[in-house]
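J.: Take a look at this one; I'll ask things after.
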Amino acid sequence: MEARMYVIAHLSDPHLDGTAAARDRLRRVVDYLRAFSRPVDVVLVTGDLADHGLAAEYDEVAAELALDVPVLMLPGNHDVSAPLRVGLQVESPGEGHPVHQVQDVGAARFVLLDTSVPGEDHGLLSAESLEWLTGVLAEPVDGPLFVAFHHPPNKLQHPVLDQWTLQDAEPFAAVLRGKPITAILTGHVHNGVSTTFAGHPLLVAPGIRSTAPLPFEPAAAKGLVDVEAPPGLALHIVADDQPLVTVYRTVTSS
């Protein structure tokens with residue numbers, strides 16, 4: 001049997017707000033993906049889709065990410081549940097907040113969690129959300145299994161960003177430990193990061209709208225974010241005959 005391979009384009013934090021500055025940075029990444037000789041199998045965007053959570057911003061998100069492959073999107077702290085559900089036609093249990101999803105692409109399963117807390121920058125998963133997740137992870141999956149959300153639980157040793165991580169992460173880790181998870185995929189910190197959580201790879205996509213330099217990097221002198229750094233993305237490659245491989249890319253021009 002021929003080995004299956006999945007290529008996942010992992011984007012995060014476009015922060016679309018109706019301006020050309022934000023839109024052009026996302027278009028630079030999308031144009032890069034469209035130029036591939038082999039289309040990616042799925043595009044995953046891990047939050048902060050819109051900058052203010054407005055209905056018009058989600059219309060823009062939908063238009064800019066209208067691709068010929070599945071596009072999976074989940075909320076970040078800048079997003080608002082009700083207009084996101086309507087504007088992006090999200091299929092999620094319940095109404096309003098939180099917006100949890102389970103999406104299958106071929107044999108691959110993506111569990112998309114809403115770690116946002118309305119009105120706050122940090123993330124949190126309620127006991128009800130963890131109960132829902134426990135049930136989802138108990139279901140058998142034939143292919144790779146990804147758990148994706150916005151707020152990473154790990155710190156970067158950054159005095160500002162470390163205040164906005166996923167809070168009270170140990171109960172979440174307890175749910176994830178020992179499960180057949182291929183990788184955990186997040187965003188939020190506007191940096192490409194590779195680490196581990198609950199015994200699984202934790203891979204963070206770079207920011208599209210901006211980069212957040214670490215305190216000791218030269219660009220930190222300009223402020224919390226660097227809007228001049230090129231947008232980035234992660235490419236996750238999963239094949240039957242090898243471990244997960246992740247390649248980080250910056251896109252310097254369209």
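Within each chain, counting starts at residue 1; across the structure tokens, chains are named A, B, ... in the order shown, with ligands numbered 1 upward in that order.
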Contacts of Val175 in chain A at 12 Å or less, counting only C-alpha atoms, minus same-chain residues fewer than 6 places along, as a compact mmCIF listing (two decimals) with all heavy atoms, in the first residue's frame?
T.:
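As written to disk, out31.txt reads:
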# COMPACT_ATOMS: atom_id res chain seq x y z
N LEU A 125 -9.38 26.72 29.54
CA LEU A 125 -10.36 25.71 29.17
C LEU A 125 -11.16 25.33 30.40
O LEU A 125 -10.59 24.95 31.43
CB LEU A 125 -9.67 24.48 28.59
CG LEU A 125 -9.12 24.63 27.16
CD1 LEU A 125 -8.18 23.48 26.83
CD2 LEU A 125 -10.24 24.72 26.15
N ALA A 127 -13.97 23.26 32.81
CA ALA A 127 -14.18 21.84 33.11
C ALA A 127 -15.11 21.22 32.08
O ALA A 127 -14.92 20.05 31.68
CB ALA A 127 -14.75 21.69 34.52
N SER A 129 -15.39 22.10 28.94
CA SER A 129 -14.63 21.92 27.71
C SER A 129 -13.72 20.70 27.80
O SER A 129 -13.58 19.94 26.83
CB SER A 129 -13.79 23.18 27.42
OG SER A 129 -14.62 24.27 27.07
N LEU A 130 -13.10 20.50 28.96
CA LEU A 130 -12.23 19.34 29.13
C LEU A 130 -13.03 18.03 29.10
O LEU A 130 -12.55 17.02 28.59
CB LEU A 130 -11.44 19.46 30.43
CG LEU A 130 -10.43 20.61 30.48
CD1 LEU A 130 -9.76 20.66 31.85
CD2 LEU A 130 -9.39 20.48 29.37
N GLU A 131 -14.24 18.08 29.62
CA GLU A 131 -15.10 16.89 29.55
C GLU A 131 -15.45 16.57 28.10
O GLU A 131 -15.44 15.41 27.68
CB GLU A 131 -16.37 17.12 30.38
CG GLU A 131 -17.30 15.93 30.41
CD GLU A 131 -18.54 16.18 31.26
OE1 GLU A 131 -18.69 17.29 31.79
OE2 GLU A 131 -19.36 15.24 31.38
N TRP A 132 -15.77 17.61 27.33
CA TRP A 132 -16.06 17.43 25.90
C TRP A 132 -14.85 16.85 25.20
O TRP A 132 -14.96 15.90 24.42
CB TRP A 132 -16.46 18.77 25.30
CG TRP A 132 -16.71 18.71 23.82
CD1 TRP A 132 -17.86 18.37 23.18
CD2 TRP A 132 -15.75 19.00 22.78
NE1 TRP A 132 -17.69 18.42 21.82
CE2 TRP A 132 -16.42 18.81 21.54
CE3 TRP A 132 -14.42 19.40 22.78
CZ2 TRP A 132 -15.78 19.01 20.31
CZ3 TRP A 132 -13.77 19.60 21.55
CH2 TRP A 132 -14.46 19.40 20.34
N LEU A 133 -13.67 17.39 25.49
CA LEU A 133 -12.43 16.93 24.85
C LEU A 133 -12.14 15.48 25.21
O LEU A 133 -11.72 14.69 24.35
CB LEU A 133 -11.27 17.82 25.26
CG LEU A 133 -9.89 17.42 24.75
CD1 LEU A 133 -9.84 17.43 23.23
CD2 LEU A 133 -8.81 18.33 25.33
N THR A 134 -12.36 15.11 26.44
CA THR A 134 -12.13 13.73 26.87
C THR A 134 -12.97 12.76 26.04
O THR A 134 -12.48 11.71 25.60
CB THR A 134 -12.46 13.57 28.36
OG1 THR A 134 -11.61 14.43 29.13
CG2 THR A 134 -12.27 12.13 28.82
N GLY A 135 -14.21 13.12 25.79
CA GLY A 135 -15.08 12.28 24.98
C GLY A 135 -14.60 12.18 23.54
O GLY A 135 -14.62 11.10 22.94
N VAL A 136 -14.16 13.30 22.99
CA VAL A 136 -13.69 13.32 21.60
C VAL A 136 -12.44 12.46 21.45
O VAL A 136 -12.30 11.69 20.49
CB VAL A 136 -13.41 14.76 21.15
CG1 VAL A 136 -12.67 14.79 19.82
CG2 VAL A 136 -14.72 15.55 21.03
N LEU A 137 -11.51 12.57 22.39
CA LEU A 137 -10.26 11.83 22.30
C LEU A 137 -10.44 10.33 22.55
O LEU A 137 -9.55 9.54 22.25
CB LEU A 137 -9.22 12.40 23.26
CG LEU A 137 -8.74 13.83 22.96
CD1 LEU A 137 -7.72 14.27 23.98
CD2 LEU A 137 -8.17 13.92 21.54
N ALA A 138 -11.58 9.95 23.10
CA ALA A 138 -11.86 8.52 23.31
C ALA A 138 -12.31 7.83 22.03
O ALA A 138 -12.32 6.60 21.96
CB ALA A 138 -12.93 8.36 24.39
N VAL A 147 -4.45 18.20 17.87
CA VAL A 147 -5.23 19.05 18.76
C VAL A 147 -4.71 20.47 18.56
O VAL A 147 -3.51 20.73 18.73
CB VAL A 147 -5.09 18.62 20.23
CG1 VAL A 147 -5.85 19.59 21.14
CG2 VAL A 147 -5.61 17.20 20.42
N ALA A 169 -3.10 24.98 33.16
CA ALA A 169 -2.93 24.02 32.08
C ALA A 169 -2.83 22.57 32.55
O ALA A 169 -2.96 21.66 31.72
CB ALA A 169 -1.68 24.38 31.27
N ILE A 181 -1.85 11.33 20.08
CA ILE A 181 -1.87 12.63 19.42
C ILE A 181 -0.58 12.82 18.62
O ILE A 181 0.52 12.63 19.14
CB ILE A 181 -2.03 13.75 20.47
CG1 ILE A 181 -3.39 13.65 21.16
CG2 ILE A 181 -1.86 15.13 19.83
CD1 ILE A 181 -3.54 14.50 22.40
N PHE A 197 4.44 19.44 25.20
CA PHE A 197 3.45 19.63 26.25
C PHE A 197 2.72 18.31 26.46
O PHE A 197 2.28 17.68 25.49
CB PHE A 197 2.46 20.74 25.88
CG PHE A 197 1.38 20.97 26.91
CD1 PHE A 197 1.69 21.51 28.15
CD2 PHE A 197 0.06 20.64 26.64
CE1 PHE A 197 0.70 21.72 29.10
CE2 PHE A 197 -0.94 20.84 27.58
CZ PHE A 197 -0.61 21.39 28.82
N ALA A 198 2.61 17.89 27.68
CA ALA A 198 1.90 16.65 28.05
C ALA A 198 2.43 15.45 27.29
O ALA A 198 1.68 14.52 26.96
CB ALA A 198 0.40 16.82 27.83
N GLY A 199 3.73 15.47 26.96
CA GLY A 199 4.35 14.36 26.28
C GLY A 199 4.18 14.34 24.78
O GLY A 199 4.53 13.36 24.12
J.: With DSSP run on the backbone, what are the alpha helix (DSSP H) residues within range 14-192 of chain A? I'd like them as a PyMOL selection string.
T.: chain A and resi 20-34+55-64+81-87+127-137+170-176
J.: Identify, on the basis of only C-alpha atoms, every residue whose closest approach to Leu124 in chain A does not exceed 6 Å; exclude the query and any residue fewer than 2 positions from it along the same chain; express the result as an MDAnalysis selection string.
T.: chainID A and resid 115 166:167
J.: Given only C-alpha atoms as the basis, pick out the residue of A:Gly123, A:Phe146, A:Pro159, A:Pro75 nearest to His236 in chain A.
T.: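 Result for the nearest residue to His236 in chain A: A:Phe146.
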J.: Do a neighbour search on Ala212 in chain A at 10 Å with only C-alpha atoms, toss out local chain neighbours closer than 4 positions, and write the hits as a list in words.
T.: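 Counting only the stated atoms, we get His158, Leu161, His188, Val189, His190, Asn191, Pro206, Gly207, Glu217, Ala219, Ala220, Gly223, Leu224, Val225, Asp226, Val227 and Ala229 of chain A.
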